[in-house]
>>> print(open('upload.cif').read())   # mmCIF, C-alpha atoms; chains and numbers go by the auth columns
data_work
#
loop_
_atom_site.group_PDB
_atom_site.id
_atom_site.type_symbol
_atom_site.label_atom_id
_atom_site.label_comp_id
_atom_site.label_asym_id
_atom_site.label_seq_id
_atom_site.Cartn_x
_atom_site.Cartn_y
_atom_site.Cartn_z
_atom_site.B_iso_or_equiv
_atom_site.auth_seq_id
_atom_site.auth_asym_id
ATOM 1 C CA MET A 1 -81.014 0.152 -116.714 0.00 4 A
ATOM 2 C CA LEU A 2 -83.346 0.197 -113.746 0.00 5 A
ATOM 3 C CA TYR A 3 -86.694 0.783 -115.413 0.00 6 A
ATOM 4 C CA GLU A 4 -88.208 0.451 -118.867 0.00 7 A
ATOM 5 C CA GLY A 5 -91.844 1.211 -119.553 0.00 8 A
ATOM 6 C CA ALA A 6 -94.402 3.487 -121.139 0.00 9 A
ATOM 7 C CA ASP A 7 -95.261 5.253 -117.859 0.00 10 A
ATOM 8 C CA LEU A 8 -92.756 7.462 -116.046 0.00 11 A
ATOM 9 C CA LYS A 9 -92.090 6.431 -112.452 0.00 12 A
ATOM 10 C CA PRO A 10 -90.549 8.601 -109.746 0.00 13 A
ATOM 11 C CA PRO A 11 -86.963 7.635 -108.819 0.00 14 A
ATOM 12 C CA ASP A 12 -87.881 6.856 -105.209 0.00 15 A
ATOM 13 C CA GLU A 13 -90.466 4.299 -106.380 0.00 16 A
ATOM 14 C CA ILE A 14 -87.869 2.543 -108.559 0.00 17 A
ATOM 15 C CA LEU A 15 -85.350 2.662 -105.693 0.00 18 A
ATOM 16 C CA HIS A 16 -87.910 1.035 -103.371 0.00 19 A
ATOM 17 C CA GLN A 17 -88.647 -1.641 -105.990 0.00 20 A
ATOM 18 C CA TYR A 18 -85.017 -2.818 -105.807 0.00 21 A
ATOM 19 C CA GLU A 19 -84.698 -2.312 -102.037 0.00 22 A
ATOM 20 C CA GLY A 20 -82.141 0.458 -102.602 0.00 23 A
ATOM 21 C CA LYS A 21 -79.626 -1.798 -104.382 0.00 24 A
ATOM 22 C CA CYS A 22 -78.597 -2.257 -108.003 0.00 25 A
ATOM 23 C CA PRO A 23 -80.181 -5.510 -109.252 0.00 26 A
ATOM 24 C CA LYS A 24 -77.037 -6.379 -111.240 0.00 27 A
ATOM 25 C CA CYS A 25 -74.100 -5.556 -108.947 0.00 28 A
ATOM 26 C CA GLY A 26 -75.741 -5.045 -105.542 0.00 29 A
ATOM 27 C CA LYS A 27 -74.287 -1.552 -104.953 0.00 30 A
ATOM 28 C CA LYS A 28 -76.359 0.923 -102.956 0.00 31 A
ATOM 29 C CA LEU A 29 -78.459 3.229 -105.145 0.00 32 A
ATOM 30 C CA SER A 30 -78.849 6.947 -104.421 0.00 33 A
ATOM 31 C CA LEU A 31 -81.586 9.471 -105.212 0.00 34 A
ATOM 32 C CA VAL A 32 -78.906 12.063 -106.069 0.00 35 A
ATOM 33 C CA PRO A 33 -78.537 11.701 -109.850 0.00 36 A
ATOM 34 C CA VAL A 34 -75.081 11.484 -111.361 0.00 37 A
ATOM 35 C CA ASN A 35 -76.118 10.435 -114.844 0.00 38 A
ATOM 36 C CA VAL A 36 -79.721 10.027 -115.989 0.00 39 A
ATOM 37 C CA GLU A 37 -80.722 9.162 -119.530 0.00 40 A
ATOM 38 C CA VAL A 38 -84.322 9.117 -120.738 0.00 41 A
ATOM 39 C CA LYS A 39 -84.993 7.627 -124.161 0.00 42 A
ATOM 40 C CA PRO A 40 -88.231 7.619 -126.168 0.00 43 A
ATOM 41 C CA ILE A 41 -90.005 4.346 -126.873 0.00 44 A
ATOM 42 C CA ARG A 42 -89.395 3.149 -130.406 0.00 45 A
#
>>> encode(input="upload.cif", output="structure tokens")
Amino acid sequence: MLYEGADLKPPDEILHQYEGKCPKCGKKLSLVPVNVEVKPIR
């Protein structure tokens, strides 16, 4: 999970927040989606 919050953020803003790398494994992140899941707040 890269972002959790009430406001939607554009993918490029989230990518910039983590300097283009996954915060857990360090792999390079891409703007081309492979699998995106959006869940409602409960």
>>> atom_distance(input="upload.cif", atom1="atom CA of A:Lys24", atom2="atom CA of A:Arg45")
28.2 Å
>>> residues_around(input="upload.cif", residues="stretch 30-42 of chain A", least_positions_apart="4", cutoff="7 Å", atoms="only C-alpha atoms", output="PyMOL selection string")
chain A and resi 14-15+18+23-25
>>> atom_distance(input="upload.cif", atom1="atom CA of A:Tyr21", atom2="atom CA of A:Ile44")
22.8 Å
>>> atom_distance(input="upload.cif", atom1="atom CA of A:Met4", atom2="atom CA of A:Lys27")
9.4 Å
>>> build_atoms(input="upload.cif", residues="stretch 9-31 of chain A", atoms="N, CA and C atoms", output="mmCIF file, keeping the file's coordinate frame")
data_model
loop_
_atom_site.group_PDB
_atom_site.id
_atom_site.type_symbol
_atom_site.label_atom_id
_atom_site.label_comp_id
_atom_site.auth_asym_id
_atom_site.auth_seq_id
_atom_site.Cartn_x
_atom_site.Cartn_y
_atom_site.Cartn_z
ATOM 1 N N ALA A 9 -93.705 2.377 -120.496
ATOM 2 C CA ALA A 9 -94.402 3.487 -121.139
ATOM 3 C C ALA A 9 -94.730 4.600 -120.147
ATOM 4 N N ASP A 10 -94.923 4.264 -118.881
ATOM 5 C CA ASP A 10 -95.261 5.253 -117.859
ATOM 6 C C ASP A 10 -94.011 5.660 -117.093
ATOM 7 N N LEU A 11 -93.866 6.978 -116.855
ATOM 8 C CA LEU A 11 -92.756 7.462 -116.046
ATOM 9 C C LEU A 11 -93.029 7.132 -114.586
ATOM 10 N N LYS A 12 -91.980 6.722 -113.881
ATOM 11 C CA LYS A 12 -92.090 6.431 -112.452
ATOM 12 C C LYS A 12 -91.121 7.342 -111.715
ATOM 13 N N PRO A 13 -91.477 7.788 -110.525
ATOM 14 C CA PRO A 13 -90.549 8.601 -109.746
ATOM 15 C C PRO A 13 -89.351 7.759 -109.291
ATOM 16 N N PRO A 14 -88.171 8.385 -109.211
ATOM 17 C CA PRO A 14 -86.963 7.635 -108.819
ATOM 18 C C PRO A 14 -87.083 6.904 -107.491
ATOM 19 N N ASP A 15 -87.771 7.522 -106.504
ATOM 20 C CA ASP A 15 -87.881 6.856 -105.209
ATOM 21 C C ASP A 15 -88.702 5.574 -105.287
ATOM 22 N N GLU A 16 -89.663 5.516 -106.197
ATOM 23 C CA GLU A 16 -90.466 4.299 -106.380
ATOM 24 C C GLU A 16 -89.611 3.183 -106.992
ATOM 25 N N ILE A 17 -88.765 3.526 -107.936
ATOM 26 C CA ILE A 17 -87.869 2.543 -108.559
ATOM 27 C C ILE A 17 -86.839 2.066 -107.546
ATOM 28 N N LEU A 18 -86.319 3.003 -106.734
ATOM 29 C CA LEU A 18 -85.350 2.662 -105.693
ATOM 30 C C LEU A 18 -85.966 1.675 -104.706
ATOM 31 N N HIS A 19 -87.204 1.914 -104.305
ATOM 32 C CA HIS A 19 -87.910 1.035 -103.371
ATOM 33 C C HIS A 19 -88.131 -0.350 -103.989
ATOM 34 N N GLN A 20 -88.407 -0.381 -105.282
ATOM 35 C CA GLN A 20 -88.647 -1.641 -105.990
ATOM 36 C C GLN A 20 -87.438 -2.575 -105.876
ATOM 37 N N TYR A 21 -86.236 -2.008 -105.885
ATOM 38 C CA TYR A 21 -85.017 -2.818 -105.807
ATOM 39 C C TYR A 21 -84.385 -2.810 -104.418
ATOM 40 N N GLU A 22 -85.157 -2.358 -103.423
ATOM 41 C CA GLU A 22 -84.698 -2.312 -102.037
ATOM 42 C C GLU A 22 -83.417 -1.507 -101.884
ATOM 43 N N GLY A 23 -83.277 -0.455 -102.707
ATOM 44 C CA GLY A 23 -82.141 0.458 -102.602
ATOM 45 C C GLY A 23 -80.826 -0.063 -103.152
ATOM 46 N N LYS A 24 -80.859 -1.206 -103.854
ATOM 47 C CA LYS A 24 -79.626 -1.798 -104.382
ATOM 48 C C LYS A 24 -79.747 -2.058 -105.881
ATOM 49 N N CYS A 25 -78.638 -1.951 -106.578
ATOM 50 C CA CYS A 25 -78.597 -2.257 -108.003
ATOM 51 C C CYS A 25 -78.888 -3.747 -108.182
ATOM 52 N N PRO A 26 -79.843 -4.096 -109.070
ATOM 53 C CA PRO A 26 -80.181 -5.510 -109.252
ATOM 54 C C PRO A 26 -79.057 -6.318 -109.910
ATOM 55 N N LYS A 27 -78.132 -5.654 -110.567
ATOM 56 C CA LYS A 27 -77.037 -6.379 -111.240
ATOM 57 C C LYS A 27 -75.818 -6.564 -110.350
ATOM 58 N N CYS A 28 -75.357 -5.463 -109.705
ATOM 59 C CA CYS A 28 -74.100 -5.556 -108.947
ATOM 60 C C CYS A 28 -74.277 -5.495 -107.434
ATOM 61 N N GLY A 29 -75.473 -5.092 -106.972
ATOM 62 C CA GLY A 29 -75.741 -5.045 -105.542
ATOM 63 C C GLY A 29 -75.288 -3.775 -104.844
ATOM 64 N N LYS A 30 -74.720 -2.798 -105.579
ATOM 65 C CA LYS A 30 -74.287 -1.552 -104.953
ATOM 66 C C LYS A 30 -75.495 -0.731 -104.520
ATOM 67 N N LYS A 31 -75.295 0.078 -103.470
ATOM 68 C CA LYS A 31 -76.359 0.923 -102.956
ATOM 69 C C LYS A 31 -76.699 2.005 -103.984
#
